[in-house]
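Asker: Please find final-v4.cif (mmCIF, N, CA and C atoms) on the next line:
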data_coords
loop_
_atom_site.label_atom_id
_atom_site.label_comp_id
_atom_site.auth_asym_id
_atom_site.auth_seq_id
_atom_site.Cartn_x
_atom_site.Cartn_y
_atom_site.Cartn_z
N MET V 713 10.19 -29.20 20.68
CA MET V 713 10.19 -30.39 21.50
C MET V 713 11.63 -30.83 21.72
N ASP V 714 11.95 -31.23 22.93
CA ASP V 714 13.27 -31.67 23.30
C ASP V 714 13.59 -33.01 22.65
N GLU V 715 14.87 -33.23 22.31
CA GLU V 715 15.28 -34.47 21.67
C GLU V 715 14.92 -35.69 22.50
N ARG V 716 15.02 -35.58 23.83
CA ARG V 716 14.69 -36.71 24.70
C ARG V 716 13.21 -37.07 24.60
N GLU V 717 12.36 -36.05 24.40
CA GLU V 717 10.93 -36.31 24.25
C GLU V 717 10.66 -37.03 22.93
N LEU V 718 11.35 -36.59 21.87
CA LEU V 718 11.17 -37.21 20.57
C LEU V 718 11.61 -38.67 20.58
N LEU V 719 12.69 -38.94 21.28
CA LEU V 719 13.22 -40.30 21.31
C LEU V 719 12.56 -41.16 22.38
N GLY V 720 11.78 -40.54 23.23
CA GLY V 720 11.09 -41.29 24.28
C GLY V 720 12.00 -41.70 25.42
N ASP V 721 13.17 -41.08 25.53
CA ASP V 721 14.08 -41.42 26.62
C ASP V 721 13.50 -40.97 27.94
N VAL V 722 13.77 -41.74 28.97
CA VAL V 722 13.39 -41.35 30.31
C VAL V 722 14.56 -40.57 30.91
N PRO V 723 14.37 -39.30 31.27
CA PRO V 723 15.46 -38.52 31.82
C PRO V 723 15.90 -39.07 33.17
N LEU V 724 17.20 -39.11 33.36
CA LEU V 724 17.75 -39.57 34.63
C LEU V 724 18.37 -38.40 35.35
N GLY V 725 18.73 -38.58 36.59
CA GLY V 725 19.35 -37.52 37.37
C GLY V 725 18.39 -37.02 38.44
N LYS V 726 18.91 -36.20 39.31
CA LYS V 726 18.11 -35.71 40.44
C LYS V 726 16.93 -34.85 40.01
N LEU V 727 17.01 -34.26 38.83
CA LEU V 727 15.94 -33.38 38.36
C LEU V 727 15.18 -34.00 37.19
N GLY V 728 15.35 -35.28 36.99
CA GLY V 728 14.82 -36.01 35.84
C GLY V 728 13.35 -35.74 35.55
N GLY V 729 13.10 -35.27 34.33
CA GLY V 729 11.74 -35.09 33.85
C GLY V 729 11.06 -33.79 34.26
N HIS V 730 11.66 -33.03 35.13
CA HIS V 730 11.03 -31.78 35.59
C HIS V 730 11.32 -30.64 34.62
N LYS V 731 10.35 -29.75 34.49
CA LYS V 731 10.49 -28.55 33.66
C LYS V 731 10.91 -27.40 34.57
N ILE V 732 12.04 -26.77 34.23
CA ILE V 732 12.56 -25.68 35.03
C ILE V 732 12.74 -24.45 34.15
N LEU V 733 12.26 -23.32 34.63
CA LEU V 733 12.45 -22.04 33.96
C LEU V 733 13.55 -21.28 34.69
N VAL V 734 14.64 -20.97 33.98
CA VAL V 734 15.76 -20.22 34.54
C VAL V 734 15.60 -18.76 34.13
N VAL V 735 15.54 -17.86 35.12
CA VAL V 735 15.36 -16.44 34.85
C VAL V 735 16.56 -15.67 35.40
N ASP V 736 17.34 -15.11 34.49
CA ASP V 736 18.52 -14.32 34.87
C ASP V 736 18.92 -13.47 33.68
N ASP V 737 19.29 -12.22 33.93
CA ASP V 737 19.71 -11.35 32.83
C ASP V 737 21.13 -11.64 32.37
N ASP V 738 21.91 -12.35 33.17
CA ASP V 738 23.29 -12.68 32.83
C ASP V 738 23.33 -13.98 32.02
N GLU V 739 23.72 -13.87 30.75
CA GLU V 739 23.72 -15.04 29.86
C GLU V 739 24.62 -16.16 30.38
N GLU V 740 25.76 -15.80 30.96
CA GLU V 740 26.67 -16.83 31.49
C GLU V 740 26.01 -17.63 32.60
N ILE V 741 25.27 -16.97 33.46
CA ILE V 741 24.57 -17.66 34.55
C ILE V 741 23.48 -18.56 33.96
N ARG V 742 22.73 -18.04 32.97
CA ARG V 742 21.68 -18.86 32.35
C ARG V 742 22.28 -20.12 31.72
N VAL V 743 23.39 -19.96 31.01
CA VAL V 743 24.03 -21.12 30.38
C VAL V 743 24.51 -22.11 31.45
N PHE V 744 25.13 -21.59 32.50
CA PHE V 744 25.61 -22.44 33.60
C PHE V 744 24.47 -23.25 34.20
N LEU V 745 23.38 -22.56 34.59
CA LEU V 745 22.26 -23.24 35.22
C LEU V 745 21.54 -24.18 34.26
N THR V 746 21.36 -23.75 33.02
CA THR V 746 20.71 -24.60 32.03
C THR V 746 21.49 -25.89 31.82
N THR V 747 22.80 -25.77 31.68
CA THR V 747 23.64 -26.96 31.50
C THR V 747 23.59 -27.85 32.73
N LEU V 748 23.69 -27.25 33.91
CA LEU V 748 23.64 -28.01 35.16
C LEU V 748 22.33 -28.79 35.28
N PHE V 749 21.22 -28.12 35.03
CA PHE V 749 19.91 -28.76 35.19
C PHE V 749 19.65 -29.80 34.09
N SER V 750 20.08 -29.50 32.87
CA SER V 750 19.92 -30.45 31.77
C SER V 750 20.72 -31.72 32.03
N ASP V 751 21.94 -31.55 32.55
CA ASP V 751 22.77 -32.70 32.88
C ASP V 751 22.13 -33.57 33.96
N GLU V 752 21.26 -32.98 34.76
CA GLU V 752 20.54 -33.72 35.81
C GLU V 752 19.17 -34.21 35.33
N GLY V 753 18.91 -34.10 34.01
CA GLY V 753 17.70 -34.68 33.43
C GLY V 753 16.52 -33.75 33.30
N ALA V 754 16.68 -32.47 33.62
CA ALA V 754 15.55 -31.53 33.54
C ALA V 754 15.38 -31.00 32.12
N TYR V 755 14.17 -30.59 31.82
CA TYR V 755 13.85 -29.86 30.59
C TYR V 755 13.89 -28.39 30.98
N VAL V 756 14.77 -27.63 30.36
CA VAL V 756 15.02 -26.26 30.81
C VAL V 756 14.67 -25.24 29.74
N SER V 757 14.01 -24.17 30.16
CA SER V 757 13.79 -23.02 29.30
C SER V 757 14.37 -21.81 30.02
N GLU V 758 14.62 -20.75 29.26
CA GLU V 758 15.30 -19.58 29.81
C GLU V 758 14.53 -18.31 29.52
N ALA V 759 14.62 -17.36 30.46
CA ALA V 759 14.09 -16.01 30.27
C ALA V 759 15.15 -15.03 30.75
N ALA V 760 15.32 -13.93 30.01
CA ALA V 760 16.37 -12.96 30.33
C ALA V 760 15.86 -11.78 31.15
N ASP V 761 14.54 -11.68 31.35
CA ASP V 761 14.00 -10.57 32.13
C ASP V 761 12.66 -10.96 32.74
N GLY V 762 12.16 -10.08 33.59
CA GLY V 762 10.92 -10.37 34.32
C GLY V 762 9.70 -10.53 33.44
N ASN V 763 9.54 -9.65 32.45
CA ASN V 763 8.36 -9.75 31.58
C ASN V 763 8.34 -11.06 30.80
N GLU V 764 9.49 -11.44 30.26
CA GLU V 764 9.60 -12.70 29.53
C GLU V 764 9.31 -13.88 30.47
N ALA V 765 9.79 -13.79 31.70
CA ALA V 765 9.57 -14.85 32.68
C ALA V 765 8.08 -15.03 32.99
N LEU V 766 7.36 -13.92 33.17
CA LEU V 766 5.93 -14.01 33.46
C LEU V 766 5.17 -14.68 32.32
N GLN V 767 5.50 -14.30 31.09
CA GLN V 767 4.84 -14.91 29.92
C GLN V 767 5.14 -16.40 29.84
N MET V 768 6.41 -16.74 29.95
CA MET V 768 6.81 -18.14 29.82
C MET V 768 6.24 -19.00 30.95
N ALA V 769 6.22 -18.48 32.15
CA ALA V 769 5.69 -19.23 33.29
C ALA V 769 4.21 -19.54 33.08
N ALA V 770 3.44 -18.56 32.61
CA ALA V 770 2.01 -18.78 32.38
C ALA V 770 1.77 -19.76 31.23
N GLN V 771 2.59 -19.70 30.20
CA GLN V 771 2.41 -20.56 29.04
C GLN V 771 2.93 -21.98 29.27
N GLU V 772 4.13 -22.09 29.82
CA GLU V 772 4.81 -23.37 29.91
C GLU V 772 4.50 -24.15 31.19
N LYS V 773 4.04 -23.47 32.22
CA LYS V 773 3.75 -24.11 33.51
C LYS V 773 4.92 -24.98 33.99
N PRO V 774 6.09 -24.37 34.21
CA PRO V 774 7.23 -25.17 34.69
C PRO V 774 6.96 -25.73 36.08
N HIS V 775 7.70 -26.75 36.44
CA HIS V 775 7.57 -27.33 37.77
C HIS V 775 8.29 -26.49 38.81
N LEU V 776 9.25 -25.65 38.35
CA LEU V 776 10.03 -24.81 39.25
C LEU V 776 10.64 -23.66 38.45
N ILE V 777 10.81 -22.53 39.12
CA ILE V 777 11.44 -21.36 38.50
C ILE V 777 12.63 -20.96 39.37
N THR V 778 13.80 -20.75 38.73
CA THR V 778 14.90 -20.12 39.43
C THR V 778 14.89 -18.66 39.00
N LEU V 779 15.07 -17.76 39.96
CA LEU V 779 14.87 -16.34 39.68
C LEU V 779 15.97 -15.49 40.29
N ASP V 780 16.63 -14.70 39.43
CA ASP V 780 17.58 -13.70 39.89
C ASP V 780 16.78 -12.48 40.34
N LEU V 781 17.27 -11.75 41.31
CA LEU V 781 16.54 -10.59 41.79
C LEU V 781 16.97 -9.28 41.14
N SER V 782 18.24 -9.19 40.77
CA SER V 782 18.76 -7.94 40.22
C SER V 782 18.80 -8.03 38.69
N MET V 783 17.76 -7.49 38.05
CA MET V 783 17.67 -7.50 36.59
C MET V 783 17.16 -6.15 36.13
N PRO V 784 17.56 -5.73 34.92
CA PRO V 784 17.03 -4.47 34.39
C PRO V 784 15.55 -4.62 34.04
N GLY V 785 14.86 -3.51 33.91
CA GLY V 785 13.43 -3.57 33.62
C GLY V 785 12.69 -4.04 34.86
N MET V 786 11.79 -5.00 34.69
CA MET V 786 11.09 -5.56 35.85
C MET V 786 12.08 -6.43 36.63
N ASP V 787 12.43 -6.00 37.83
CA ASP V 787 13.41 -6.76 38.60
C ASP V 787 12.80 -8.04 39.15
N GLY V 788 13.64 -8.86 39.75
CA GLY V 788 13.20 -10.15 40.26
C GLY V 788 12.21 -10.05 41.41
N ILE V 789 12.30 -9.00 42.20
CA ILE V 789 11.37 -8.84 43.32
C ILE V 789 9.95 -8.62 42.79
N ASP V 790 9.81 -7.70 41.83
CA ASP V 790 8.49 -7.46 41.24
C ASP V 790 8.01 -8.68 40.46
N THR V 791 8.92 -9.35 39.76
CA THR V 791 8.57 -10.55 39.02
C THR V 791 8.04 -11.61 39.97
N PHE V 792 8.73 -11.81 41.09
CA PHE V 792 8.31 -12.79 42.08
C PHE V 792 6.91 -12.48 42.60
N CYS V 793 6.66 -11.22 42.93
CA CYS V 793 5.34 -10.84 43.44
C CYS V 793 4.25 -11.07 42.39
N GLU V 794 4.54 -10.75 41.15
CA GLU V 794 3.56 -10.97 40.07
C GLU V 794 3.29 -12.46 39.86
N LEU V 795 4.33 -13.29 39.97
CA LEU V 795 4.14 -14.75 39.86
C LEU V 795 3.20 -15.25 40.95
N ARG V 796 3.38 -14.74 42.17
CA ARG V 796 2.57 -15.17 43.31
C ARG V 796 1.13 -14.64 43.24
N LYS V 797 0.93 -13.50 42.59
CA LYS V 797 -0.42 -12.90 42.51
C LYS V 797 -1.26 -13.52 41.40
N ASN V 798 -0.63 -14.11 40.40
CA ASN V 798 -1.34 -14.66 39.25
C ASN V 798 -1.81 -16.09 39.56
N PRO V 799 -3.11 -16.35 39.49
CA PRO V 799 -3.62 -17.70 39.78
C PRO V 799 -2.99 -18.79 38.90
N ALA V 800 -2.56 -18.42 37.70
CA ALA V 800 -1.96 -19.40 36.78
C ALA V 800 -0.54 -19.78 37.19
N THR V 801 0.12 -18.96 38.01
CA THR V 801 1.52 -19.22 38.36
C THR V 801 1.79 -19.24 39.86
N GLU V 802 0.80 -18.94 40.67
CA GLU V 802 1.03 -18.78 42.11
C GLU V 802 1.55 -20.05 42.80
N ALA V 803 1.23 -21.22 42.28
CA ALA V 803 1.64 -22.47 42.93
C ALA V 803 2.98 -23.00 42.43
N ILE V 804 3.58 -22.33 41.45
CA ILE V 804 4.87 -22.79 40.93
C ILE V 804 5.96 -22.45 41.96
N PRO V 805 6.71 -23.45 42.42
CA PRO V 805 7.79 -23.16 43.37
C PRO V 805 8.85 -22.27 42.75
N VAL V 806 9.38 -21.36 43.56
CA VAL V 806 10.42 -20.43 43.10
C VAL V 806 11.63 -20.55 44.01
N CYS V 807 12.80 -20.67 43.39
CA CYS V 807 14.06 -20.64 44.12
C CYS V 807 14.81 -19.40 43.67
N ILE V 808 15.04 -18.49 44.59
CA ILE V 808 15.79 -17.27 44.30
C ILE V 808 17.28 -17.62 44.25
N ILE V 809 17.95 -17.21 43.17
CA ILE V 809 19.40 -17.38 43.07
C ILE V 809 19.96 -16.00 42.75
N THR V 810 20.62 -15.39 43.72
CA THR V 810 21.02 -13.99 43.56
C THR V 810 22.40 -13.71 44.14
N GLY V 811 23.02 -12.70 43.60
CA GLY V 811 24.29 -12.23 44.13
C GLY V 811 24.12 -11.14 45.17
N HIS V 812 22.88 -10.92 45.58
CA HIS V 812 22.58 -9.87 46.57
C HIS V 812 21.88 -10.47 47.78
N PRO V 813 22.63 -11.09 48.69
CA PRO V 813 22.01 -11.72 49.86
C PRO V 813 21.22 -10.74 50.73
N GLU V 814 21.53 -9.43 50.62
CA GLU V 814 20.79 -8.43 51.40
C GLU V 814 19.33 -8.33 50.96
N PHE V 815 19.01 -8.85 49.79
CA PHE V 815 17.62 -8.84 49.30
C PHE V 815 16.75 -9.90 49.99
N ARG V 816 17.38 -10.80 50.74
CA ARG V 816 16.64 -11.87 51.39
C ARG V 816 15.50 -11.31 52.26
N THR V 817 15.81 -10.31 53.07
CA THR V 817 14.76 -9.75 53.93
C THR V 817 13.70 -9.04 53.10
N VAL V 818 14.11 -8.39 52.01
CA VAL V 818 13.15 -7.69 51.15
C VAL V 818 12.14 -8.68 50.56
N ILE V 819 12.62 -9.80 50.08
CA ILE V 819 11.74 -10.77 49.42
C ILE V 819 10.82 -11.47 50.44
N TYR V 820 11.33 -11.72 51.64
CA TYR V 820 10.51 -12.40 52.65
C TYR V 820 9.54 -11.45 53.35
N ASP V 821 9.72 -10.15 53.17
CA ASP V 821 8.81 -9.17 53.77
C ASP V 821 7.64 -8.81 52.86
N ARG V 822 7.52 -9.42 51.72
CA ARG V 822 6.43 -9.13 50.77
C ARG V 822 5.13 -9.76 51.26
N PRO V 823 3.99 -9.18 50.86
CA PRO V 823 2.69 -9.71 51.30
C PRO V 823 2.23 -10.91 50.46
N VAL V 824 3.19 -11.72 50.00
CA VAL V 824 2.87 -12.92 49.24
C VAL V 824 3.62 -14.08 49.87
N ALA V 825 3.25 -15.31 49.49
CA ALA V 825 3.94 -16.48 50.03
C ALA V 825 5.43 -16.40 49.71
N PRO V 826 6.29 -16.77 50.65
CA PRO V 826 7.74 -16.67 50.43
C PRO V 826 8.22 -17.68 49.39
N PRO V 827 9.43 -17.47 48.87
CA PRO V 827 9.98 -18.44 47.92
C PRO V 827 10.29 -19.76 48.63
N GLU V 828 10.34 -20.82 47.85
CA GLU V 828 10.62 -22.14 48.42
C GLU V 828 12.11 -22.34 48.67
N GLY V 829 12.95 -21.50 48.07
CA GLY V 829 14.39 -21.61 48.28
C GLY V 829 15.08 -20.29 48.01
N PHE V 830 16.27 -20.13 48.58
CA PHE V 830 17.05 -18.91 48.41
C PHE V 830 18.52 -19.32 48.41
N ILE V 831 19.23 -19.05 47.30
CA ILE V 831 20.64 -19.42 47.16
C ILE V 831 21.43 -18.17 46.79
N ASN V 832 22.55 -17.98 47.46
CA ASN V 832 23.44 -16.86 47.16
C ASN V 832 24.43 -17.23 46.07
N LYS V 833 24.70 -16.27 45.17
CA LYS V 833 25.77 -16.43 44.18
C LYS V 833 27.06 -15.90 44.81
N PRO V 834 28.20 -16.43 44.45
CA PRO V 834 28.38 -17.60 43.60
C PRO V 834 27.89 -18.85 44.33
N CYS V 835 27.43 -19.81 43.55
CA CYS V 835 26.83 -20.98 44.17
C CYS V 835 27.52 -22.27 43.75
N ASP V 836 27.53 -23.21 44.65
CA ASP V 836 28.08 -24.53 44.41
C ASP V 836 27.08 -25.35 43.61
N PRO V 837 27.47 -25.94 42.49
CA PRO V 837 26.53 -26.71 41.66
C PRO V 837 25.81 -27.81 42.41
N ASP V 838 26.52 -28.54 43.27
CA ASP V 838 25.87 -29.62 44.03
C ASP V 838 24.80 -29.07 44.98
N HIS V 839 25.09 -27.93 45.59
CA HIS V 839 24.12 -27.30 46.49
C HIS V 839 22.87 -26.86 45.72
N VAL V 840 23.06 -26.29 44.54
CA VAL V 840 21.93 -25.85 43.73
C VAL V 840 21.06 -27.04 43.36
N VAL V 841 21.68 -28.11 42.85
CA VAL V 841 20.91 -29.29 42.44
C VAL V 841 20.19 -29.91 43.62
N SER V 842 20.86 -30.05 44.76
CA SER V 842 20.21 -30.67 45.92
C SER V 842 19.07 -29.80 46.45
N THR V 843 19.23 -28.48 46.40
CA THR V 843 18.15 -27.58 46.84
C THR V 843 16.94 -27.72 45.93
N LEU V 844 17.16 -27.72 44.62
CA LEU V 844 16.04 -27.87 43.68
C LEU V 844 15.39 -29.24 43.81
N HIS V 845 16.20 -30.27 44.02
CA HIS V 845 15.69 -31.62 44.21
C HIS V 845 14.77 -31.67 45.44
N ARG V 846 15.21 -31.01 46.52
CA ARG V 846 14.39 -30.97 47.75
C ARG V 846 13.08 -30.23 47.50
N ILE V 847 13.15 -29.08 46.82
CA ILE V 847 11.94 -28.30 46.54
C ILE V 847 10.97 -29.10 45.68
N LEU V 848 11.49 -29.76 44.65
CA LEU V 848 10.62 -30.55 43.77
C LEU V 848 10.04 -31.75 44.50
N GLY V 849 10.79 -32.33 45.43
CA GLY V 849 10.27 -33.43 46.23
C GLY V 849 9.13 -32.98 47.12
N LEU V 850 9.25 -31.80 47.72
CA LEU V 850 8.17 -31.26 48.54
C LEU V 850 6.95 -30.96 47.69
N ARG V 851 7.17 -30.48 46.47
CA ARG V 851 6.07 -30.18 45.54
C ARG V 851 5.30 -31.46 45.22
N GLU V 852 6.03 -32.55 44.98
CA GLU V 852 5.38 -33.83 44.66
C GLU V 852 4.57 -34.34 45.84
N LYS V 853 5.10 -34.20 47.06
CA LYS V 853 4.36 -34.65 48.24
C LYS V 853 3.05 -33.88 48.39
N LYS V 854 3.10 -32.55 48.17
CA LYS V 854 1.89 -31.73 48.26
C LYS V 854 0.89 -32.14 47.19
N ARG V 855 1.38 -32.39 45.97
CA ARG V 855 0.51 -32.76 44.86
C ARG V 855 -0.17 -34.10 45.15
N LYS V 856 0.58 -35.05 45.67
CA LYS V 856 0.01 -36.37 45.96
C LYS V 856 -1.02 -36.30 47.07
N LYS V 857 -0.79 -35.44 48.07
CA LYS V 857 -1.77 -35.26 49.15
C LYS V 857 -3.08 -34.69 48.62
N ALA V 858 -2.97 -33.85 47.59
CA ALA V 858 -4.15 -33.18 47.04
C ALA V 858 -4.96 -34.10 46.14
N LEU V 859 -4.38 -35.21 45.68
CA LEU V 859 -5.09 -36.11 44.78
C LEU V 859 -6.15 -36.90 45.56
N PRO V 860 -7.38 -36.94 45.05
CA PRO V 860 -8.41 -37.71 45.73
C PRO V 860 -8.11 -39.21 45.61
N GLY V 861 -8.49 -39.95 46.64
CA GLY V 861 -8.32 -41.39 46.63
C GLY V 861 -6.92 -41.86 47.01
N ASP V 862 -6.07 -40.97 47.42
CA ASP V 862 -4.71 -41.32 47.81
C ASP V 862 -4.59 -41.57 49.31
N ARG V 863 -5.66 -41.75 49.96
CA ARG V 863 -5.60 -41.89 51.42
C ARG V 863 -5.61 -43.31 51.84
#
Hey, can you dump this file as C-alpha cells for me?

Answerer:
Amino acid sequence: MDERELLGDVPLGKLGGHKILVVDDDEEIRVFLTTLFSDEGAYVSEAADGNEALQMAAQEKPHLITLDLSMPGMDGIDTFCELRKNPATEAIPVCIITGHPEFRTVIYDRPVAPPEGFINKPCDPDHVVSTLHRILGLREKKRKKALPGDR
C-alpha cells in the first residue's frame, strides 16, 4: 500500500489519484516516468516486459498504461494486442511511448482498437503529463456516460 493511502492524503496534481502502469524495458525510462507521474499525484507500478505487464494489468486494473514498443521477449506491439483482446484489460487506455516513431503505422494497422495516445521518445515531461491528463479525462467522461441515472 502506498504511503499516501495509509495516511489518507488526497493526491494532488494533474494525475492525482489515478493508477498508472509504466511498461518499459529501460530502467532509466521507468524511473523517469514513475517519478514524473508520482510527482503529479498518480499511484504508479512498473513492468519491465510484456508478460509482466499483462499479469499486472489484469491484477491491478490500472486507469492507464504507458507502453514501450521495443522490448525483448514479448514486444510492445504483441503486448498491446493481448491487452486489447483480453476482456479484463481491453478497456484500459494505453499511451504508447516509444523511440521508434515508424511503429506508429504498425500499431494503428492492428485489428484491435487503437491506442488512446502515442508519444515519441525523447519526450517532454509536460507533454507526457498533459497527454495522460487528457486521456484520463476522456476515460472519466466515458465512465460517467455509462453510469445509469446520470442523465

Asker: How far is it from atom C of Glu828 (chain V) to atom C of Cys807 (chain V), in Å with one decimal?

Answerer: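 For atom C of Glu828 (chain V) relative to atom C of Cys807 (chain V), the distance reads 6.4 Å.
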
Asker: Check which residues satisfy the PyMOL selection byres (((chain V and resi 774 and name CA) around 10) and name CA) in the file shown, then give them as a list of chain:residue names.

Answerer: V:His730, V:Lys731, V:Ile732, V:Leu733, V:Val734, V:Tyr755, V:Val756, V:Ser757, V:Met768, V:Ala769, V:Ala770, V:Gln771, V:Glu772, V:Lys773, V:His775, V:Leu776, V:Ile777, V:Thr801, V:Ile804, V:Pro805

Asker: Can you spit out the residues from that selection as an mmCIF file, in the coordinates of the input, using N, CA and C atoms?

Answerer:
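Saved result, part-v7.cif, follows:
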data_model
loop_
_atom_site.group_PDB
_atom_site.id
_atom_site.type_symbol
_atom_site.label_atom_id
_atom_site.label_comp_id
_atom_site.auth_asym_id
_atom_site.auth_seq_id
_atom_site.Cartn_x
_atom_site.Cartn_y
_atom_site.Cartn_z
ATOM 1 N N HIS V 730 11.660 -33.030 35.130
ATOM 2 C CA HIS V 730 11.030 -31.780 35.590
ATOM 3 C C HIS V 730 11.320 -30.640 34.620
ATOM 4 N N LYS V 731 10.350 -29.750 34.490
ATOM 5 C CA LYS V 731 10.490 -28.550 33.660
ATOM 6 C C LYS V 731 10.910 -27.400 34.570
ATOM 7 N N ILE V 732 12.040 -26.770 34.230
ATOM 8 C CA ILE V 732 12.560 -25.680 35.030
ATOM 9 C C ILE V 732 12.740 -24.450 34.150
ATOM 10 N N LEU V 733 12.260 -23.320 34.630
ATOM 11 C CA LEU V 733 12.450 -22.040 33.960
ATOM 12 C C LEU V 733 13.550 -21.280 34.690
ATOM 13 N N VAL V 734 14.640 -20.970 33.980
ATOM 14 C CA VAL V 734 15.760 -20.220 34.540
ATOM 15 C C VAL V 734 15.600 -18.760 34.130
ATOM 16 N N TYR V 755 14.170 -30.590 31.820
ATOM 17 C CA TYR V 755 13.850 -29.860 30.590
ATOM 18 C C TYR V 755 13.890 -28.390 30.980
ATOM 19 N N VAL V 756 14.770 -27.630 30.360
ATOM 20 C CA VAL V 756 15.020 -26.260 30.810
ATOM 21 C C VAL V 756 14.670 -25.240 29.740
ATOM 22 N N SER V 757 14.010 -24.170 30.160
ATOM 23 C CA SER V 757 13.790 -23.020 29.300
ATOM 24 C C SER V 757 14.370 -21.810 30.020
ATOM 25 N N MET V 768 6.410 -16.740 29.950
ATOM 26 C CA MET V 768 6.810 -18.140 29.820
ATOM 27 C C MET V 768 6.240 -19.000 30.950
ATOM 28 N N ALA V 769 6.220 -18.480 32.150
ATOM 29 C CA ALA V 769 5.690 -19.230 33.290
ATOM 30 C C ALA V 769 4.210 -19.540 33.080
ATOM 31 N N ALA V 770 3.440 -18.560 32.610
ATOM 32 C CA ALA V 770 2.010 -18.780 32.380
ATOM 33 C C ALA V 770 1.770 -19.760 31.230
ATOM 34 N N GLN V 771 2.590 -19.700 30.200
ATOM 35 C CA GLN V 771 2.410 -20.560 29.040
ATOM 36 C C GLN V 771 2.930 -21.980 29.270
ATOM 37 N N GLU V 772 4.130 -22.090 29.820
ATOM 38 C CA GLU V 772 4.810 -23.370 29.910
ATOM 39 C C GLU V 772 4.500 -24.150 31.190
ATOM 40 N N LYS V 773 4.040 -23.470 32.220
ATOM 41 C CA LYS V 773 3.750 -24.110 33.510
ATOM 42 C C LYS V 773 4.920 -24.980 33.990
ATOM 43 N N HIS V 775 7.700 -26.750 36.440
ATOM 44 C CA HIS V 775 7.570 -27.330 37.770
ATOM 45 C C HIS V 775 8.290 -26.490 38.810
ATOM 46 N N LEU V 776 9.250 -25.650 38.350
ATOM 47 C CA LEU V 776 10.030 -24.810 39.250
ATOM 48 C C LEU V 776 10.640 -23.660 38.450
ATOM 49 N N ILE V 777 10.810 -22.530 39.120
ATOM 50 C CA ILE V 777 11.440 -21.360 38.500
ATOM 51 C C ILE V 777 12.630 -20.960 39.370
ATOM 52 N N THR V 801 0.120 -18.960 38.010
ATOM 53 C CA THR V 801 1.520 -19.220 38.360
ATOM 54 C C THR V 801 1.790 -19.240 39.860
ATOM 55 N N ILE V 804 3.580 -22.330 41.450
ATOM 56 C CA ILE V 804 4.870 -22.790 40.930
ATOM 57 C C ILE V 804 5.960 -22.450 41.960
ATOM 58 N N PRO V 805 6.710 -23.450 42.420
ATOM 59 C CA PRO V 805 7.790 -23.160 43.370
ATOM 60 C C PRO V 805 8.850 -22.270 42.750
#

Asker: So that I can see what lies close to region 815-823 of chain V, please list as a list in words the residues with an atom at most 8 Å from it, counting only N, CA and C atoms and leaving out residues fewer than 6 positions away in the same chain.

Answerer: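 With the cut-off at 8 Å, the set is Leu781, Ile789, Cys793 and Phe830 of chain V.
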
Asker: Quick one: residues within 12 Å of Thr810 (chain V), only C-alpha atoms, excluding same-chain residues fewer than 3 positions away - as a list in words?

Answerer: Val735, Asp736, Asp737, Asp738, Ile741, Thr778, Leu779, Asp780, Leu781, Ser782, Met783, Asp787, Gly788, Ile789, Cys807, Pro813, Glu814, Phe815, Arg816, Ile819, Gly829, Phe830, Ile831, Asn832, Lys833, Pro834, Cys835 and Val840 of chain V

Asker: Tell me, in Å to one decimal, how far atom C of Leu727 (chain V) is from CA of Pro784 (chain V).

Answerer: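 Computed distance, atom C of Leu727 (chain V) to CA of Pro784 (chain V), equals 29.7 Å.
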
Asker: Please report the interatomic distance between CA of Pro837 (chain V) and CA of Leu795 (chain V) in Å with one decimal.

Answerer: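 Computing it gives 25.4 Å between the two atoms.
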
Asker: Set up a box along x, y and z of the file covering all listed atoms of region 819-824 of chain V, add 8 Å on every one of the six sides, and write the centre and edge lengths in Å to one decimal, as lines of an AutoDock Vina configuration file.

Answerer:
center_x = 7.4
center_y = -11.4
center_z = 51.5
size_x = 26.4
size_y = 21.3
size_z = 20.5

Asker: DSSP on the backbone, helix (DSSP H, G or I) only: what residues of chain V does that give? Format it as a VMD selection string.

Answerer: chain V and resid 715 to 719 739 to 751 762 to 772 788 to 797 815 to 820 837 to 858

Asker: When you look at Leu844 (chain V) with a cut-off of 7 Å (counting all atoms listed in the file), what residues show up, excluding the ones that are within fewer than 5 positions of it in the same chain? I need them as a PyMOL selection string.

Answerer: chain V and resi 726-727+839+849

Asker: Please write region 801-813 of chain V of the preceding block to a file containing C-alpha atoms, as a PDB file, in the first residue's frame?

Answerer:
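Okay, selection-v7.pdb is ready:
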ATOM      1  CA  THR V 801      -7.933  -5.306 -19.831  1.00  0.00           C
ATOM      2  CA  GLU V 802      -9.472  -4.245 -23.147  1.00  0.00           C
ATOM      3  CA  ALA V 803     -10.979  -1.017 -21.760  1.00  0.00           C
ATOM      4  CA  ILE V 804      -7.788   0.219 -20.078  1.00  0.00           C
ATOM      5  CA  PRO V 805      -6.471   3.240 -22.001  1.00  0.00           C
ATOM      6  CA  VAL V 806      -2.980   2.790 -23.437  1.00  0.00           C
ATOM      7  CA  CYS V 807      -0.488   5.510 -24.319  1.00  0.00           C
ATOM      8  CA  ILE V 808       2.405   4.291 -26.445  1.00  0.00           C
ATOM      9  CA  ILE V 809       5.727   5.939 -25.524  1.00  0.00           C
ATOM     10  CA  THR V 810       8.427   4.779 -27.919  1.00  0.00           C
ATOM     11  CA  GLY V 811      11.690   5.733 -29.519  1.00  0.00           C
ATOM     12  CA  HIS V 812      10.515   4.192 -32.788  1.00  0.00           C
ATOM     13  CA  PRO V 813       8.009   6.562 -34.432  1.00  0.00           C
TER      14      PRO V 813
END
